[in-house]
Protein chains: 10
Amino acid sequence: MLSKEDMTQAIVAAKTEQNVSWQAMGDHLGHSEVWVASACLGQNTMSKQEAELTAGLLGLGPDVVAALQVFPTKGAGQHYVPTDPLLYRFFEICYVYGPTIKAIINEKLCDGIMSAIDFSMDIEKVEDPKGDRVKITMNGKFLPYKKW
Amino acid sequence: MLSKEDMTQAIVAAKTEQNVSWQAMGDHLGHSEVWVASACLGQNTMSKQEAELTAGLLGLGPDVVAALQVFPTKGAGQHYVPTDPLLYRFFEICYVYGPTIKAIINEKLCDGIMSAIDFSMDIEKVEDPKGDRVKITMNGKFLPYKKW
Amino acid sequence: MLSKEDMTQAIVAAKTEQNVSWQAMGDHLGHSEVWVASACLGQNTMSKQEAELTAGLLGLGPDVVAALQVFPTKGAGQHYVPTDPLLYRFFEICYVYGPTIKAIINEKLCDGIMSAIDFSMDIEKVEDPKGDRVKITMNGKFLPYKKW
Amino acid sequence: MLSKEDMTQAIVAAKTEQNVSWQAMGDHLGHSEVWVASACLGQNTMSKQEAELTAGLLGLGPDVVAALQVFPTKGAGQHYVPTDPLLYRFFEICYVYGPTIKAIINEKLCDGIMSAIDFSMDIEKVEDPKGDRVKITMNGKFLPYKKW
Amino acid sequence: MLSKEDMTQAIVAAKTEQNVSWQAMGDHLGHSEVWVASACLGQNTMSKQEAELTAGLLGLGPDVVAALQVFPTKGAGQHYVPTDPLLYRFFEICYVYGPTIKAIINEKLCDGIMSAIDFSMDIEKVEDPKGDRVKITMNGKFLPYKKW
Amino acid sequence: MLSKEDMTQAIVAAKTEQNVSWQAMGDHLGHSEVWVASACLGQNTMSKQEAELTAGLLGLGPDVVAALQVFPTKGAGQHYVPTDPLLYRFFEICYVYGPTIKAIINEKLCDGIMSAIDFSMDIEKVEDPKGDRVKITMNGKFLPYKKW
Amino acid sequence: MLSKEDMTQAIVAAKTEQNVSWQAMGDHLGHSEVWVASACLGQNTMSKQEAELTAGLLGLGPDVVAALQVFPTKGAGQHYVPTDPLLYRFFEICYVYGPTIKAIINEKLCDGIMSAIDFSMDIEKVEDPKGDRVKITMNGKFLPYKKW
Amino acid sequence: MLSKEDMTQAIVAAKTEQNVSWQAMGDHLGHSEVWVASACLGQNTMSKQEAELTAGLLGLGPDVVAALQVFPTKGAGQHYVPTDPLLYRFFEICYVYGPTIKAIINEKLCDGIMSAIDFSMDIEKVEDPKGDRVKITMNGKFLPYKKW
Amino acid sequence: MLSKEDMTQAIVAAKTEQNVSWQAMGDHLGHSEVWVASACLGQNTMSKQEAELTAGLLGLGPDVVAALQVFPTKGAGQHYVPTDPLLYRFFEICYVYGPTIKAIINEKLCDGIMSAIDFSMDIEKVEDPKGDRVKITMNGKFLPYKKW
Amino acid sequence: MLSKEDMTQAIVAAKTEQNVSWQAMGDHLGHSEVWVASACLGQNTMSKQEAELTAGLLGLGPDVVAALQVFPTKGAGQHYVPTDPLLYRFFEICYVYGPTIKAIINEKLCDGIMSAIDFSMDIEKVEDPKGDRVKITMNGKFLPYKKW
């Protein structure tokens with residue numbers, strides 16, 4: 001059985017060689033590029049049909065189709081706090097703005113969380129003459145704490 | 001000199017007693033509610049004028065005005081990984097979607113980061129009959145790695 | 001403003017002195033003893049009415065009523081892994097049975113999680129001639145990973 | 001000698017190929033699906049007869065039969081706090097509800113623990129029109145602290 | 001309410017002043033000196049009668065009697081690995097002899113643990129002309145892993 | 001040169017296949033089963049003669065004889081706090097009873113430690129109609145802190 | 001696809017064999033030796049032309065050219081705090097002079113950071129009769145905290 | 001005796017009230033502003049004369065003079081990895097450029113370190129129309145590894 | 001009862017005020033300055049007579065005499081790895097020379113340790129025209145691993 | 001290129017087979033056995049001539065000669081705190097005697113450190129009828145904190 005790591009390596013190699021963008025892969029499946037990338041990077045799971053479309057686009061075989069459908073153990077093998085600067089900035093945002101996020105969500109909604117499961121994310125490049133910007137939109141269901 | 005902790009406690013107590021929302025405080029200063037909250041929670045600094053407007057609105061004294069202008073040591077006294085569920089979800093998003101965020105930003109822009117300093121954030125409640133949602137928009141300058 | 005720690009101390013002292021059980025407190029509010037205890041121990045929030053009922057039962061004042069309604073930062077001040085043997089056993093269950101829990105939930109439902117927010121728990125004593133047992137029932141909404 | 005990791009990989013591959021559920025494996029052995037899964041995932045040990053039944057059902061050889069009888073070092077190779085969201089929720093339950101669990105068990109029984117050894121667990125899918133739920137029942141012997 | 005820390009301080013101060021040994025305290029209560037010390041150091045709980053005997057012997061008041069009956073959160077405030085040399089040696093024994101202990105217990109009994117709850121311990125000085133020795137005897141119920 | 005890990009694997013495989021107990025190996029060498037196991041598990045070193053007796057009993061070759069004489073780096077590759085329940089209990093004993101052990105040893109002898117080097121340990125099964133017990137006896141030289 | 005680790009190994013081996021200095025490599029590309037070394041050590045990315053120049057100088061093939069253009073995950077596989085003495089000194093400088101650096105930058109500019117992305121560094125040997133010195137110059141864009 | 005923390009607080013309060021810059025303090029003592037700040041922030045020690053000049057300039061008393069001469073325990077009370085973004089960037093520089101710094105210093109000098117003790121640092125604001133920059137110059141004695 | 005921390009503070013304050021060196025204190029007691037300092041800093045214990053001599057020399061009262069005789073919990077409240085540069089160097093020596101120390105001791109004596117209990121240490125200043133040196137001599141009993 | 005790990009393994013194997021002591025190797029090179037061992041164990045670097053002498057003595061080839069000249073990353077792959085008892089004792093000495101070492105060095109010299117780079121160490125066996133002892137002498141240049 002192909003491991004998630006080997007599956008990712010095969011997909012990224014084919015994608016690079018054939019110069020296919022995540023956007024193109026997302027359009028081919030009718031999903032967001034972000035979600036498709038997360039599945040190809042081994043953190044989400046595709047249906048059989050989605051896996052076949054992905055493998056078909058990149059000319060990959062049935063072992064990749066099978067591996068894309070496996071339920072992953074997420075975040076495996078990572079440091080608790082990443083050293084990569086791009087990834088670390090999101091931890092820093094939480095260190096600096098964490099209490100603010102909590103205060104605003106608590107005030108606007110109530111005691112609860114923004115779901116990271118019933119959740120979607122978009123990542124856009126915003127062109128700007130003073131220097132391009134990155135715009136990330138997170139959209140998660142609000143889950144209030146249940147009383148029982 | 002009033003510490004940032006005591007400053008925050010004084011502001012939150014006055015704000016609660018007088019039932020002033022972060023939105024109202026933001027409008028009063030002409031800034032986003034998120035930024036105003038971050039300054040009141042001791043993670044950003046106000047100008048003299050902004051600090052006076054804030055203290056004036058809440059009926060607080062010159063020690064709060066002074067404390068709001070001090071440059072903070074950010075994120076002090078926190079665990080590396082928070083246990084509060086609302087805050088933890090943002091770390092989880094990074095564990096699950098971190099490689100995806102990196103892959104998409106690298107592909108769309110190049111090797112670099114989204115700044116957490118030249119950065120703004122909005123937090124909105126999105127009403128939805130299937131359950132309200134939280135929408136968080138992060139907007140940071142893209143900083144490409146410099147060659148020299 | 002009364003801190004959550006002081007609020008808890010006041011409630012536990014009154015409860016001990018007057019010999020009121022968590023069960024009696026739960027019945028008085030029409031909620032589970034588990035939920036009421038979690039709120040009194042500073043990890044959940046009560047409505048104004050629930051807080052007044054709680055304080056009333058124990059003869060406590062308006063500062064406790066106010067503190068019970070504050071949104072808490074949950075899990076603050078804890079070790080990542082507890083040393084108390086009763087608490088540690090739940091971590092051990094996850095070390096030993098974690099992969100099993102994941103395999104069964106993945107197979108019976110699909111890739112997703114059991115919510116810890118839309119969640120309830122019961123804790124019962126089960127009398128047994130060979131030694132009493134503890135029965136803990138956790139009931140959480142299944143949240144499948146969203147595709148977008 | 002087949003390692004526990006290789007044993008698990010062989011069992012999961014055969015189980016997937018032949019589409020055998022954990023429930024079916026549990027019924028075949030006369031044990032709970034949860035316990036059978038924990039043994040196949042290398043965290044518990046089977047008797048010779050149970051191991052032969054398991055291997056027979058899946059068409060696996062004597063090396064798997066032998067490996068299923070080895071006493072495992074449990075929880076090896078794990079992070080202290082998991083990053084997988086499904087597994088993390090159980091740690092979060094302990095961060096949020098840990099003091100509550102302790103208070104209720106102490107009050108209902110006395111100073112002691114719920115055993116994680118003389119212990120069983122059931123994991124059920126509860127269908128619900130508002131969204132299916134997961135119900136986990138833990139049943140452990142209460143062990144009071146001994147005086148001597 | 002007297003905290004466990006203050007209770008311990010009061011007991012140790014009185015014990016030192018009046019020069020009462022742990023042995024004498026154990027004999028007074030009809031328990032092992034080890035168990036009595038563990039309760040006085042805030043890690044186990046006494047019955048009302050035992051607490052009154054202890055306080056009586058040392059001339060301490062009802063607040064100590066009450067505090068001795070409280071269920072403690074055990075091991076609170078400790079490092080995960082102690083730096084005190086006397087305490088560290090027990091961790092070292094586990095680092096050096098841990099696999100041995102596991103192999104011998106597994107072979108002599110089966111897959112299970114020695115309970116640390118249904119457990120007693122004796123600590124003796126063994127006089128020896130080549131240098132006195134410490135003899136520690138641990139006696140815990142064997143708990144085999146349950147199948148279900 | 002055979003590594004300690006490979007040496008252990010070879011010994012355990014031969015021992016299992018030939019069904020030789022640690023007790024039998026200890027008797028064959030005239031040492032305690034505990035010490036012999038610790039050497040075979042790579043944490044202590046044998047003399048040439050002891051190594052030859054061990055290898056001879058199990059039908060193993062000169063590479064095992066050589067490896068048994070190498071001085072090991074002890075405790076290598078372990079977590080600071082083990083997740084295996086059998087091993088964790090000894091850490092728990094130290095969290096719960098550590099201050100007690102220190103108080104008793106300090107009072108009975110003086111400021112010093114129980115050596116973990118000039119040290120022996122026995123592990124016995126104690127049959128008991130209410131459930132068998134494990135008895136562990138540690139015997140270490142008392143080393144008082146030197147003044148100079 | 002050649003991994004960054006294998007790419008680095010190939011470059012360093014060729015560089016050592018042919019006795020090419022980092023300075024010579026930097027001059028060949030028209031970049032600082034520091035930046036060229038960081039790219040060859042797998043922490044920055046080259047353009048196609050720069051990669052071809054590098055490989056050409058050292059007589060390496062197209063797999064190295066390709067690997068030099070890949071966007072790296074930076075700092076992967078490192079300890080949070082390095083044990084190598086040369087590297088540790090920079091952490092020590094931050095422990096000892098960190099508050100000073102913060103105080104001076106805050107006073108001279110305002111609340112913000114020195115960028116580690118729009119950043120360059122020079123490392124020079126300064127000859128000195130009392131012992132040569134190392135001079136490191138860091139030059140980063142000041143990024144003031146944005147208000148919004 | 002005034003603690004280093006209280007000394008720092010007194011100096012910073014006086015300095016702020018009288019609007020004295022670190023530069024002015026450095027000029028008054030004939031030392032770099034960086035070194036003077038490090039001593040006032042409790043990480044270096046002044047001679048009696050330097051301490052008197054400092055206290056004299058700010059109108060502080062003999063307790064500050066005494067405290068400035070005490071040898072500090074440096075870096076006390078800090079996290080191993082800081083969360084403040086300004087300070088974190090220096091750790092990030094080491095994660096990203098650490099192997100480069102080591103390679104360049106090893107090649108230009110030999111196996112050894114840049115001293116963090118026989119060390120000086122300057123921090124300058126460099127005005128730039130595209131955005132001001134921070135320039136930090138570290139100058140430390142090279143210490144080659146001694147052979148003996 | 002005076003805590004060890006308060007005892008240390010009292011001794012250091014008196015010692016500083018009266019300008020008594022550790023050497024003088026050691027000579028007064030007939031012990032090494034190192035051992036006397038370690039006891040005054042709360043890490044070793046004095047006999048009644050030694051404590052009276054110490055307190056007498058510095059003009060301190062019976063509470064200090066009592067506190068000097070208490071058995072300390074050693075190393076309490078420290079980081080696992082110190083940030084103070086003077087202290088860190090000893091950890092660095094172990095990182096760099098640890099395997100060497102082990103190899104030499106194993107070869108010259110056998111498998112065992114240098115005791116840190118039956119242990120003495122001298123710290124000398126060695127004047128040298130090229131820069132003074134520190135000479136530290138550690139002398140500990142060799143403890144060979146016992147066989148049993 | 002031979003890695004430092006493989007180099008060490010080759011040297012130790014040859015040294016063991018030919019029964020050459022570290023002392024003999026040190027004499028052959030005209031260096032201390034401690035320094036020679038540290039270089040052979042991959043923590044220090046030899047000159048070409050020293051490397052050739054070492055390889056010549058042991059009958060090893062040019063790959064070992066080359067590897068001995070490479071500048072190592074020191075302390076790589078180690079735990080922050082070692083579990084091996086021989087190595088741990090040096091950390092324990094620092095936990096117990098660290099503040100003492102700092103106090104004595106500060107008093108005898110001034111604020112500064114003992115260098116771990118301009119540093120030598122001797123390890124001797126001291127025969128003693130009451131049990132042999134280990135004597136370790138560390139000799140490092142004192143580096144006073146520079147003012148600038």
# chains A, B, ... in the order shown; residues from 1 in each chain; ligands from 1
>>> interface_residues(of="chain J", to="chain G", cutoff="12 Å", atoms="only C-alpha atoms", output="list in words")
Met1, Leu2, Ser3, Gln43, Asn44, Ala66, Ala67, Gln69, Val70, Phe71, Pro72, Thr73, Lys74, Gly75, Ala76, Gly77, Gln78, His79, Tyr80, Val81, Ser115, Ala116, Ile117 and Tyr145 of chain J
>>> write_last_selection(atoms="C-alpha atoms", output="short mmCIF file (atom, residue, chain, number, x, y, z; two decimals), in the first residue's frame")
data_model
loop_
_atom_site.label_atom_id
_atom_site.label_comp_id
_atom_site.auth_asym_id
_atom_site.auth_seq_id
_atom_site.Cartn_x
_atom_site.Cartn_y
_atom_site.Cartn_z
CA MET J 1 32.40 11.36 1.93
CA LEU J 2 32.61 9.38 5.16
CA SER J 3 30.27 10.76 7.81
CA GLN J 43 33.59 16.49 18.16
CA ASN J 44 36.93 18.11 17.29
CA ALA J 66 39.66 13.09 5.34
CA ALA J 67 36.78 12.74 7.77
CA GLN J 69 39.66 17.02 9.22
CA VAL J 70 36.00 18.01 8.72
CA PHE J 71 34.58 20.70 11.05
CA PRO J 72 31.82 19.00 13.04
CA THR J 73 28.38 20.15 14.12
CA LYS J 74 28.86 19.46 17.79
CA GLY J 75 26.42 17.74 20.10
CA ALA J 76 24.10 16.77 17.21
CA GLY J 77 21.40 14.21 17.89
CA GLN J 78 21.58 14.39 21.66
CA HIS J 79 18.77 14.80 24.19
CA TYR J 80 18.93 18.15 25.97
CA VAL J 81 19.37 16.25 29.23
CA SER J 115 35.71 29.38 28.29
CA ALA J 116 34.65 25.98 26.94
CA ILE J 117 36.67 26.65 23.77
CA TYR J 145 32.35 40.58 29.97
#
>>> select_by_dssp(residues="chain C", states="helix (DSSP H, G or I)", output="count of residues only")
72
>>> residues_around(residues="Val65 of chain E", least_positions_apart="2", cutoff="10 Å", atoms="only C-alpha atoms", output="PyMOL selection string")
chain E and resi 2+7+46-56+60-63+67-70
>>> atom_distance(atom1="atom CA of Tyr88 of chain C", atom2="atom CA of Asp122 of chain C")
18.7 Å
>>> select_by_dssp(residues="segment 2-142 of chain B", states="strand (DSSP E or B)", output="PyMOL selection string")
chain B and resi 112-126+133-142
>>> residues_around(residues="Arg133 of chain F", least_positions_apart="2", cutoff="8 Å", atoms="only C-alpha atoms", output="PyMOL selection string")
(chain E and resi 114+139-142) or (chain F and resi 125-128+131+135)
>>> residues_around(residues="segment 92-106 of chain E", least_positions_apart="3", cutoff="6 Å", atoms="only C-alpha atoms", output="ChimeraX atom specification")
/E:89,109-111 /F:37-38,74-75
>>> write_last_selection(atoms="N, CA and C atoms", output="mmCIF file, in the first residue's frame")
data_model
loop_
_atom_site.group_PDB
_atom_site.id
_atom_site.type_symbol
_atom_site.label_atom_id
_atom_site.label_comp_id
_atom_site.auth_asym_id
_atom_site.auth_seq_id
_atom_site.Cartn_x
_atom_site.Cartn_y
_atom_site.Cartn_z
ATOM 1 N N ARG E 89 17.154 9.588 41.102
ATOM 2 C CA ARG E 89 17.633 8.214 41.007
ATOM 3 C C ARG E 89 16.513 7.235 40.632
ATOM 4 N N LEU E 109 4.088 -12.831 34.941
ATOM 5 C CA LEU E 109 2.634 -12.737 35.107
ATOM 6 C C LEU E 109 2.023 -12.717 33.710
ATOM 7 N N CYS E 110 1.853 -11.593 33.113
ATOM 8 C CA CYS E 110 1.447 -11.512 31.700
ATOM 9 C C CYS E 110 1.368 -10.021 31.358
ATOM 10 N N ASP E 111 0.662 -9.650 30.295
ATOM 11 C CA ASP E 111 0.560 -8.244 29.913
ATOM 12 C C ASP E 111 -0.334 -7.532 30.913
ATOM 13 N N ALA F 37 18.749 -10.143 32.676
ATOM 14 C CA ALA F 37 17.866 -9.516 31.689
ATOM 15 C C ALA F 37 18.376 -8.130 31.331
ATOM 16 N N SER F 38 18.807 -7.350 32.321
ATOM 17 C CA SER F 38 19.273 -5.983 32.030
ATOM 18 C C SER F 38 20.483 -6.003 31.098
ATOM 19 N N LYS F 74 23.319 4.211 28.340
ATOM 20 C CA LYS F 74 22.090 3.709 28.952
ATOM 21 C C LYS F 74 20.902 4.658 28.703
ATOM 22 N N GLY F 75 19.757 4.057 28.521
ATOM 23 C CA GLY F 75 18.527 4.847 28.398
ATOM 24 C C GLY F 75 18.411 5.584 27.077
#
>>> residues_around(residues="segment 16-25 of chain E", least_positions_apart="5", cutoff="9 Å", atoms="only C-alpha atoms", output="PDB file with C-alpha atoms, in the first residue's frame")
ATOM      1  CA  ILE E  11       2.603  19.844  60.261  1.00  0.00           C
ATOM      2  CA  GLY E  30      -1.789   2.340  63.298  1.00  0.00           C
ATOM      3  CA  HIS E  31      -0.520   2.944  59.775  1.00  0.00           C
ATOM      4  CA  SER E  32       2.821   2.758  58.037  1.00  0.00           C
ATOM      5  CA  GLU E  33       5.081   5.768  58.464  1.00  0.00           C
ATOM      6  CA  VAL E  34       5.246   5.992  54.685  1.00  0.00           C
ATOM      7  CA  VAL E  36       1.198   8.820  57.092  1.00  0.00           C
ATOM      8  CA  ALA E  37       3.983  10.946  55.648  1.00  0.00           C
ATOM      9  CA  THR E  54      -2.629  13.407  63.752  1.00  0.00           C
ATOM     10  CA  LEU E  57      -0.505  14.383  68.508  1.00  0.00           C
ATOM     11  CA  LEU E  58       1.049  17.576  67.177  1.00  0.00           C
TER      12      LEU E  58
ATOM     13  CA  ALA F 103      11.305  12.853  53.906  1.00  0.00           C
ATOM     14  CA  ILE F 104      11.661   9.285  55.206  1.00  0.00           C
ATOM     15  CA  GLU F 107      14.915  11.406  58.571  1.00  0.00           C
TER      16      GLU F 107
END
>>> atom_distance(atom1="atom CA of Ile136 of chain C", atom2="atom CA of Thr137 of chain D")
5.7 Å
>>> atom_distance(atom1="atom CA of Lys130 of chain E", atom2="atom CA of Val134 of chain J")
20.2 Å
